[in-house]
Amino acid sequence: MDFAPESGMVLIPTRFVWPYGGRIVYITGSFTGWTQWPMTPVEGCPTVFQTICSLPPGYHQYKFVVDGEWRHDEQRPSVSSNIGTVNTVLLARETDYIPTMLSPQIPPSGPSSSMDVDNETFQRVVRLSDGTSPEPFPSISDADLEISRHRIAVFMSTHLAYELLPESGKVIALDVELPVKQAFHILHEQGISMAPLWDFSKGKFVGVLSALDFILIMRELGSHGSNLTEEELETHTISAWKDAKSYLNGQINGQGSAVSRRLIQAGPDDSLKEVALKILQNGVATIPIIHSPLENASHPHLLHLASLSGILKCICRFFKHSPSSLPVLQMPIYAIPVGTWVPKIGEPNGRPLAILRPSASLSAALNLLIQAQVSSIPIVDDNDSLLDVYSRSDITTLAKDKIYTHINLEETTIHQALQYRDDPFSTYGYTSQRCHMCLRSDPLHKVMERLSMPGVRRLVIVEAGSKRVEGIISLGDIFRFLVGGS
């Protein structure tokens with residue numbers, strides 16, 4: 001990794017070593033802008049970590065991050081700040097370079113330092129002639145990437161949806177003739193964001209009611225400028241709403257009648273890959289696993305609601321003890337094409353990252369969730385530092401104490417909506433787990449493990465310290481990357 005602030009700057013290849021153990025070790029310092037850079041175990045010595053950086057001559061400070069804890073090398077020269085932090089120090093020198101910033105009381109690092117010039121590996125000085133200062137960018141070969149994808153594809157193709165079924169649990173289904181208001185309350189009281197729909201007259205499951213439906217309902221009923229009333233919700237059954245939704249979406253056939261969307265479902269004998277592709281290709285969060293004991297598909301049994309989170313958990317569990325078989329898992333997420341990122345200056349704009357301030361209206365948040373086709377929006381302050389996240393599923397909390405009967409979407413701010421959502425007296429610790437974050441330097445396997453946890457559908461990528469939002473990575477992003485062109 002090279003750092004060069006000026007054109008033609010002499011860079012000194014320097015080896016950093018952390019010989020004191022740990023599972024995951026990073027180095028961070030004044031020469032990296034205090035961003036974390038991963039270190040790798042020395043072959044045959046798993047408790048010793050190293051990396052090589054090319055530094056400009058001069059005085060540098062650095063620290064290690066060992067299993068999430070900031071550490072400095074106590075055996076080497078160090079300096080303390082006025083707030084009590086301690087950093088290890090280094091003088092990187094050329095033979096004709098005289099440092100001006102180093103205090104004479106701080107000796108330069110010697111041959112036995114935890115970091116030294118690696119003369120055995122680098123016999124020359126690197127000079128940058130184009131004046132650029134590229135970010136360290138580890139890469140993975142196409143071969144290693146294809147090996148990783150192939151092994152994951154083989155696993156997903158040879159394991160069945162049966163493996164997603166829990167040993168015990170319940171799945172809630174709703175009658176299509178239920179009033180929307182009652183369904184609204186059920187989803188909130190049960191702590192779920194969607195439920196399959198059962199049509200007694202047809203004797204089968206016909207669809208799914210989700211938080212997105214409630215967002216569309218509130219936008220439609222609130223479009224007349226009046227507050228949403230309980231009476232308005234009482235007059236709409238789920239079935240009537242689904243028919244109206246078909247017209248609103250313009251799903252009309254040649255005879256002018258609404259076109260019903262086919263229920264996206266899977267069977268217990270479908271492979272995990274088939275289930276994942278159905279979720280991705282149809283843009284849904286979950287699909288029901290339905291088993292019909294009879295050949296004519298009558299008397300269907302609802303077994304489970306499958307999600308990408310459950311499939312990812314199976315993948316992480318299977319490869320947990322053989323991570324080396326998937327080379328891509330060790331790569332930091334910023335080095336692979338996954339997630340949605342805030343573009344850097346000079347970079348072309350890709351897919352825009354949807355963010356809002358807490359002063360924005362709830363109406364603006366709901367519109368953005370639909371128009372940007374995202375499931376959540378980071379809420380940031382004036383410095384773009386993360387404050388919270390507003391998700392589609394948060395709309396169901398408006399059923400609490402019938403909040404929806406006395407709010408106006410245009411006048412209610414996101415800050416107020418978040419207060420409606422967060423219950424300070426909750427015994428479940430829900431609020432403290434709202435913002436799931438990661439760093440751009442986190443390896444892919446760490447991100448996958450966090451996304452496989454219950455209730456975690458995306459991670460907001462933040463800058464260490466400032467929590468400035470740098471991007472967002474979702475379950476869908478992970479699977480689109482892993483399955484490649486499948």
# chains A, B, ... in the order shown; residues from 1 in each chain; ligands from 1

$ closest_atom_pairs --of "range 343-393 of chain A" --to "range 190-206 of chain A" --cutoff "12 Å" --atoms "only C-alpha atoms" --output "CSV"
residue,atom,partner,partner_atom,distance
A:Ser375,CA,A:Ser193,CA,11.5
A:Ser391,CA,A:Ser193,CA,10.4
A:Arg392,CA,A:Ser193,CA,8.3
A:Ser393,CA,A:Ser193,CA,5.3

$ residues_around --residues "Phe49 in chain A" --least-positions-apart "4" --cutoff "6 Å" --atoms "only C-alpha atoms" --output "PyMOL selection string"
chain A and resi 17-18+39-42

$ residues_around --residues "Leu444 in chain A" --least-positions-apart "2" --cutoff "8 Å" --atoms "only C-alpha atoms" --output "ChimeraX atom specification"
/A:328-333,442,446-448

$ residues_around --residues "Glu470 in chain A" --least-positions-apart "4" --cutoff "8 Å" --atoms "only C-alpha atoms" --output "list in words"
Trp341, Val342, Arg440, Val460, Ile461, Val462 and Glu463 of chain A

$ atom_distance --atom1 "CA of Leu475 in chain A" --atom2 "CA of Gly33 in chain A"
29.7 Å

$ residues_around --residues "Ser385 in chain A" --least-positions-apart "2" --cutoff "6 Å" --atoms "only C-alpha atoms" --output "ChimeraX atom specification"
/A:380-381,383,467-469

$ write_last_selection --atoms "N, CA and C atoms" --output "PDB file, in the first residue's frame"
ATOM      1  N   VAL A 380     -29.356  11.215   8.691  1.00  0.00           N
ATOM      2  CA  VAL A 380     -28.044  11.785   9.006  1.00  0.00           C
ATOM      3  C   VAL A 380     -28.181  13.226   9.474  1.00  0.00           C
ATOM      4  N   ASP A 381     -27.128  13.701  10.165  1.00  0.00           N
ATOM      5  CA  ASP A 381     -27.101  15.105  10.584  1.00  0.00           C
ATOM      6  C   ASP A 381     -26.494  15.964   9.479  1.00  0.00           C
ATOM      7  N   ASN A 383     -23.600  16.925   9.037  1.00  0.00           N
ATOM      8  CA  ASN A 383     -22.283  16.450   8.612  1.00  0.00           C
ATOM      9  C   ASN A 383     -22.349  15.070   7.951  1.00  0.00           C
ATOM     10  N   LYS A 467     -18.628   8.489  12.114  1.00  0.00           N
ATOM     11  CA  LYS A 467     -19.870   7.812  11.715  1.00  0.00           C
ATOM     12  C   LYS A 467     -20.496   8.444  10.481  1.00  0.00           C
ATOM     13  N   ARG A 468     -19.663   9.138   9.690  1.00  0.00           N
ATOM     14  CA  ARG A 468     -20.159   9.694   8.429  1.00  0.00           C
ATOM     15  C   ARG A 468     -20.537   8.546   7.494  1.00  0.00           C
ATOM     16  N   VAL A 469     -21.713   8.635   6.911  1.00  0.00           N
ATOM     17  CA  VAL A 469     -22.207   7.550   6.059  1.00  0.00           C
ATOM     18  C   VAL A 469     -21.399   7.480   4.769  1.00  0.00           C
TER      19      VAL A 469
END

$ residues_around --residues "Glu449 in chain A" --least-positions-apart "4" --cutoff "9 Å" --atoms "only C-alpha atoms" --output "PyMOL selection string"
chain A and resi 312-313+316+444-445+453

$ residues_around --residues "Asp142 in chain A" --least-positions-apart "5" --cutoff "12 Å" --atoms "only C-alpha atoms" --output "list in words"
Ile147, Ser148, Arg149, His150, Pro327, Val328 and Ile336 of chain A

$ write_last_selection --atoms "N, CA and C atoms" --output "PDB file, in the first residue's frame"
ATOM      1  N   ILE A 147     -13.783 -19.293  -8.103  1.00  0.00           N
ATOM      2  CA  ILE A 147     -13.732 -20.441  -7.197  1.00  0.00           C
ATOM      3  C   ILE A 147     -14.707 -20.242  -6.042  1.00  0.00           C
ATOM      4  N   SER A 148     -14.697 -19.033  -5.453  1.00  0.00           N
ATOM      5  CA  SER A 148     -15.586 -18.740  -4.332  1.00  0.00           C
ATOM      6  C   SER A 148     -17.043 -18.855  -4.758  1.00  0.00           C
ATOM      7  N   ARG A 149     -17.378 -18.247  -5.889  1.00  0.00           N
ATOM      8  CA  ARG A 149     -18.763 -18.288  -6.366  1.00  0.00           C
ATOM      9  C   ARG A 149     -19.188 -19.720  -6.697  1.00  0.00           C
ATOM     10  N   HIS A 150     -18.292 -20.476  -7.313  1.00  0.00           N
ATOM     11  CA  HIS A 150     -18.626 -21.846  -7.688  1.00  0.00           C
ATOM     12  C   HIS A 150     -18.921 -22.696  -6.446  1.00  0.00           C
ATOM     13  N   PRO A 327     -11.761 -17.726  -1.007  1.00  0.00           N
ATOM     14  CA  PRO A 327     -10.788 -16.621  -0.911  1.00  0.00           C
ATOM     15  C   PRO A 327     -11.443 -15.250  -0.809  1.00  0.00           C
ATOM     16  N   VAL A 328     -12.615 -15.073  -1.414  1.00  0.00           N
ATOM     17  CA  VAL A 328     -13.241 -13.749  -1.434  1.00  0.00           C
ATOM     18  C   VAL A 328     -13.666 -13.293  -0.047  1.00  0.00           C
ATOM     19  N   ILE A 336     -14.382  -4.860  -3.263  1.00  0.00           N
ATOM     20  CA  ILE A 336     -15.180  -5.725  -4.134  1.00  0.00           C
ATOM     21  C   ILE A 336     -16.450  -4.980  -4.537  1.00  0.00           C
TER      22      ILE A 336
END
